[in-house]
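Visitor: Below is the file upload.txt, with compact mmCIF, C-alpha atoms and all ligand atoms.
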```txt
# COMPACT_ATOMS: atom_id res chain seq x y z
CA MET A 22 -245.76 2.27 99.28
CA LEU A 23 -242.24 1.35 98.22
CA THR A 24 -240.99 -1.96 99.57
CA GLU A 25 -238.38 -2.13 102.34
CA ILE A 26 -235.01 -3.31 101.10
CA ALA A 27 -232.62 -5.04 103.49
CA PHE A 28 -229.14 -3.76 102.59
CA HIS A 29 -226.09 -5.87 103.47
CA HIS A 30 -222.96 -3.80 102.89
CA ASP A 31 -219.31 -4.87 102.54
CA GLN A 32 -220.23 -8.46 101.77
CA THR A 33 -217.64 -10.82 100.35
CA ASP A 34 -218.53 -13.36 97.70
CA ALA A 35 -218.20 -16.10 100.34
CA GLN A 36 -220.58 -14.30 102.71
CA ILE A 37 -223.17 -13.89 99.98
CA ALA A 38 -222.81 -17.58 99.08
CA ASP A 39 -223.29 -18.48 102.78
CA TRP A 40 -226.52 -16.45 102.86
CA LEU A 41 -227.74 -18.15 99.69
CA ALA A 42 -226.87 -21.61 100.97
CA ASP A 43 -228.75 -20.93 104.23
CA ARG A 44 -231.73 -19.71 102.25
CA LEU A 45 -231.71 -22.83 100.04
CA ARG A 46 -231.41 -25.10 103.12
CA ARG A 47 -234.37 -23.34 104.70
CA ASP A 48 -236.48 -23.65 101.54
CA LEU A 49 -235.52 -27.32 101.04
CA GLY A 50 -236.55 -28.01 104.64
CA GLN A 51 -239.88 -26.23 104.32
CA ARG A 52 -241.21 -28.04 101.24
CA ASP A 53 -241.10 -31.31 99.37
CA GLY A 54 -239.72 -31.66 95.88
CA THR A 55 -237.75 -29.18 93.88
CA VAL A 56 -236.71 -25.69 94.95
CA ALA A 57 -236.23 -23.51 91.86
CA ILE A 58 -234.33 -20.24 91.81
CA THR A 59 -233.33 -17.87 89.04
CA VAL A 60 -229.93 -16.22 88.93
CA PRO A 61 -228.16 -13.50 86.92
CA GLY A 62 -225.43 -13.78 84.32
CA GLY A 63 -222.82 -11.21 83.38
CA SER A 64 -219.66 -11.08 85.46
CA THR A 65 -220.72 -10.34 89.06
CA PRO A 66 -222.25 -13.68 90.12
CA PHE A 67 -219.56 -16.13 88.99
CA PRO A 68 -217.18 -15.79 91.97
CA ILE A 69 -220.27 -16.26 94.17
CA PHE A 70 -221.30 -19.41 92.27
CA ALA A 71 -217.77 -20.74 92.86
CA GLU A 72 -218.24 -20.24 96.62
CA LEU A 73 -221.79 -21.60 96.57
CA ALA A 74 -220.64 -24.78 94.82
CA LYS A 75 -218.53 -25.61 97.91
CA HIS A 76 -221.64 -25.90 100.08
CA ASP A 77 -223.13 -29.19 101.11
CA LEU A 78 -226.74 -28.92 99.88
CA ILE A 79 -229.30 -31.39 98.58
CA TRP A 80 -228.31 -30.25 95.12
CA ASP A 81 -230.46 -32.77 93.27
CA ARG A 82 -233.57 -31.05 94.66
CA ILE A 83 -232.44 -27.64 93.40
CA GLU A 84 -233.17 -26.29 89.93
CA ILE A 85 -231.35 -23.19 88.69
CA TRP A 86 -232.44 -21.04 85.76
CA PRO A 87 -230.61 -18.07 84.29
CA GLY A 88 -233.01 -15.11 84.43
CA ASP A 89 -231.76 -14.00 81.04
CA ASP A 90 -229.36 -15.08 78.37
CA ARG A 91 -227.58 -13.96 75.28
CA CYS A 92 -228.80 -15.61 72.03
CA VAL A 93 -225.60 -17.58 71.46
CA PRO A 94 -224.78 -21.31 71.60
CA ALA A 95 -224.26 -22.80 75.07
CA ASP A 96 -220.54 -23.23 74.45
CA HIS A 97 -220.07 -19.54 73.53
CA GLU A 98 -218.15 -17.54 76.13
CA ALA A 99 -221.06 -15.08 76.41
CA SER A 100 -223.64 -17.76 77.24
CA ASN A 101 -224.97 -17.26 80.76
CA TYR A 102 -226.36 -20.82 80.74
CA GLY A 103 -223.08 -22.34 79.55
CA ARG A 104 -221.03 -20.52 82.18
CA LEU A 105 -223.52 -21.32 84.92
CA ALA A 106 -223.67 -25.03 84.02
CA GLU A 107 -219.87 -25.14 84.03
CA ALA A 108 -219.62 -23.32 87.38
CA LEU A 109 -222.04 -25.75 89.07
CA LYS A 110 -221.27 -28.97 87.19
CA ASP A 111 -219.66 -30.73 90.15
CA THR A 112 -222.66 -30.13 92.42
CA GLY A 113 -225.08 -32.33 90.47
CA THR A 114 -227.72 -29.60 90.43
CA LYS A 115 -230.02 -29.11 87.45
CA VAL A 116 -229.26 -25.98 85.42
CA VAL A 117 -232.00 -25.24 82.88
CA PRO A 118 -231.37 -23.13 79.75
CA LEU A 119 -233.71 -20.19 79.20
CA GLU A 120 -235.30 -20.17 75.76
CA GLU A 121 -237.95 -18.04 74.11
CA GLY A 122 -240.57 -20.80 74.52
CA SER A 123 -239.58 -21.71 78.09
CA GLN A 124 -242.22 -22.10 80.79
CA PRO A 125 -240.20 -21.36 83.91
CA PRO A 126 -241.47 -22.76 87.22
CA HIS A 127 -242.42 -20.90 90.39
CA PHE A 128 -239.25 -19.45 91.90
CA ALA A 129 -238.46 -19.38 95.61
CA LEU A 130 -235.91 -16.66 94.89
CA ALA A 131 -235.02 -14.38 92.00
CA TRP A 132 -231.41 -13.23 92.28
CA LEU A 133 -230.73 -10.31 89.96
CA GLY A 134 -227.79 -8.24 88.89
CA MET A 135 -227.98 -4.75 87.43
CA GLY A 136 -226.08 -2.99 84.66
CA THR A 137 -224.83 0.59 84.92
CA ASP A 138 -227.78 1.57 82.68
CA GLY A 139 -230.28 0.18 85.20
CA HIS A 140 -231.07 -2.98 83.27
CA ILE A 141 -232.00 -6.12 85.17
CA ALA A 142 -231.97 -9.58 83.58
CA SER A 143 -232.02 -8.45 79.89
CA LEU A 144 -234.70 -5.83 80.43
CA PHE A 145 -232.78 -2.87 79.02
CA PRO A 146 -234.16 0.69 79.19
CA ASN A 147 -234.91 0.78 75.42
CA THR A 148 -237.14 -2.30 75.74
CA ASP A 149 -239.63 -0.42 77.96
CA PRO A 150 -240.45 -3.40 80.23
CA GLN A 151 -243.98 -3.49 81.62
CA VAL A 152 -245.20 -5.01 84.90
CA ASP A 153 -248.36 -6.28 83.19
CA ASP A 154 -246.50 -8.03 80.37
CA ASP A 155 -248.61 -11.06 79.37
CA ARG A 156 -245.54 -13.20 78.70
CA GLN A 157 -243.12 -14.85 81.14
CA VAL A 158 -240.19 -14.82 78.72
CA ARG A 159 -239.34 -12.56 75.79
CA ARG A 160 -236.66 -12.21 73.13
CA LEU A 161 -235.43 -8.61 72.97
CA THR A 162 -232.76 -6.52 71.29
CA PRO A 163 -230.85 -4.09 73.56
CA ASP A 164 -230.20 -0.69 72.00
CA PRO A 165 -227.42 0.24 72.27
CA LEU A 166 -225.99 -3.28 72.20
CA PRO A 167 -223.68 -3.65 75.20
CA PRO A 168 -220.10 -3.97 73.84
CA GLU A 169 -219.22 -6.81 76.22
CA ALA A 170 -222.14 -8.94 74.95
CA PRO A 171 -223.57 -7.45 71.72
CA PHE A 172 -226.30 -10.03 71.15
CA ASP A 173 -230.06 -10.37 71.10
CA ARG A 174 -231.34 -11.52 74.47
CA VAL A 175 -233.92 -13.82 75.95
CA THR A 176 -235.18 -12.69 79.32
CA MET A 177 -237.75 -13.25 82.01
CA THR A 178 -240.24 -10.40 82.12
CA LEU A 179 -241.07 -8.10 85.04
CA PRO A 180 -244.20 -10.06 86.12
CA LYS A 181 -242.29 -13.34 86.05
CA LEU A 182 -239.47 -11.93 88.17
CA LEU A 183 -241.94 -10.27 90.53
CA SER A 184 -243.77 -13.59 91.05
CA ALA A 185 -240.73 -15.02 92.89
CA GLU A 186 -241.19 -15.36 96.66
CA SER A 187 -238.27 -13.06 97.30
CA LEU A 188 -235.82 -10.90 95.38
CA MET A 189 -232.13 -10.57 95.92
CA PHE A 190 -229.59 -8.25 94.28
CA VAL A 191 -225.81 -8.14 94.27
CA ILE A 192 -224.73 -4.61 93.37
CA ARG A 193 -220.99 -4.06 93.14
CA GLY A 194 -219.39 -0.58 92.94
CA ALA A 195 -220.39 2.91 94.09
CA GLU A 196 -221.84 3.99 90.74
CA LYS A 197 -224.21 1.04 90.52
CA LEU A 198 -225.16 1.31 94.18
CA ALA A 199 -226.11 5.01 93.83
CA LEU A 200 -228.29 4.16 90.82
CA PHE A 201 -229.90 1.25 92.66
CA GLU A 202 -230.63 3.41 95.73
CA ALA A 203 -232.19 6.11 93.53
CA ALA A 204 -234.33 3.46 91.82
CA ALA A 205 -235.40 2.10 95.21
CA LYS A 206 -236.59 5.60 96.20
CA GLY A 207 -238.53 5.92 92.94
CA GLU A 208 -236.23 8.67 91.67
CA ASN A 209 -235.91 7.18 88.19
CA ASP A 210 -237.99 5.04 85.84
CA LEU A 211 -235.30 2.56 84.84
CA PRO A 212 -236.15 -1.16 84.56
CA VAL A 213 -234.77 -1.78 88.07
CA ALA A 214 -237.04 0.99 89.45
CA ARG A 215 -240.09 -0.51 87.72
CA LEU A 216 -239.34 -3.84 89.37
CA LEU A 217 -238.67 -2.40 92.83
CA GLY A 218 -241.76 -0.20 92.62
CA HIS A 219 -243.92 -3.33 92.34
CA ALA A 220 -242.02 -5.68 94.68
CA ARG A 221 -244.19 -6.82 97.58
CA GLY A 222 -242.13 -9.59 99.17
CA GLU A 223 -238.71 -9.63 100.79
CA VAL A 224 -235.97 -7.77 98.90
CA ALA A 225 -232.32 -8.08 99.93
CA CYS A 226 -229.44 -6.15 98.42
CA PHE A 227 -225.84 -7.24 98.90
CA ALA A 228 -223.16 -4.67 98.11
O1 LIG A 301 -225.88 -8.63 80.47
C1 LIG A 301 -226.07 -8.81 81.65
O2 LIG A 301 -225.74 -7.83 82.53
C2 LIG A 301 -226.23 -7.79 83.87
C3 LIG A 301 -225.17 -7.10 84.71
O3 LIG A 301 -223.96 -7.83 84.55
P1 LIG A 301 -222.58 -7.46 85.29
O4 LIG A 301 -221.52 -8.04 84.39
O5 LIG A 301 -222.50 -5.97 85.37
O6 LIG A 301 -222.62 -8.11 86.62
C4 LIG A 301 -226.60 -9.16 84.40
O7 LIG A 301 -227.27 -9.05 85.62
C5 LIG A 301 -227.42 -9.91 83.36
O8 LIG A 301 -227.87 -11.15 83.87
C6 LIG A 301 -226.53 -10.11 82.17
O9 LIG A 301 -227.05 -10.96 81.17
```
Kindly transcribe the structure held in the file into structure tokens.
Guide:
Amino acid sequence: MLTEIAFHHDQTDAQIADWLADRLRRDLGQRDGTVAITVPGGSTPFPIFAELAKHDLIWDRIEIWPGDDRCVPADHEASNYGRLAEALKDTGTKVVPLEEGSQPPHFALAWLGMGTDGHIASLFPNTDPQVDDDRQVRRLTPDPLPPEAPFDRVTMTLPKLLSAESLMFVIRGAEKLALFEAAAKGENDLPVARLLGHARGEVACFA
């Protein structure tokens, strides 16, 4: 059975950041130690990070990992890690770079974006991502290379993303939303559909 997705339409960046902050507060209150989450790169999440950074949270108990990255130095403009660390630098939170040999922790939440080709993290259609992948992290080459970031990628795999306690998407624009909804109904076999088809926990989609 396909998982239920809670859709939240017409959400501003500030509203999405409020939801995330509430979720982090809840998770921090429910457990001791660190709460780890994974987040997307690209363009969509950065205005939301700017809003999130305004929230009063116990930031030193939060660890944030990019779910994927471009194989470029941290100070390159295409580096998801570099941009994320810069966006959150005043909070005091720990941002951890994703590398091929990384052993990411258990995630309370995996926040994902999606490309217009149905890729999530850096699991592009040509890479044929599998839900039974025996690795947590892989280096991959998108084909075609996306013009806005034409680099090899390092990415969390489907099983690693699916092991998060809950999944959250931010899908901006009608074209992406239609593709996401089709994937959620199992109408395509794109990477996002493979993930959604195996999701068993809470899934929220902000549009
Ligand atoms: O390359 C990437 O693309 C996707 C989508 O990015 P957007 O710019 O369309 O929001 C992103 O989720 C992924 O993390 C990123 O590395």
Visitor: Of the residues A:Leu41, A:Ala131, A:Val117, A:Leu166, which is the one nearest to Glu223 of chain A, using only C-alpha atoms?
Guide: A:Ala131
Visitor: Hey, which residues sit close to ligand LIG 301 (chain A)? Say within 6 Å, counting only C-alpha atoms and all ligand atoms, and write them as number ranges by chain.
Guide: A: 61-65, 89-90, 133-136, 141-143
Visitor: Between atom CA of Gly88 of chain A and atom CA of Ala27 of chain A, measure the distance and give it in Å to one decimal.
Guide: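 The value is 21.6 Å.
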Visitor: Quick one: of A:Leu217, A:Ala185, A:Ala106, A:Ile83, who's nearest to Ala205 of chain A, counting all atoms listed in the file?
Guide: A:Leu217
Visitor: So, counting all atoms listed in the file, which residue among A:Thr33, A:Ser100, A:Thr24, A:Gln151 is closest to Pro171 of chain A?
Guide: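 Under the stated criterion, the closest residue is A:Ser100.
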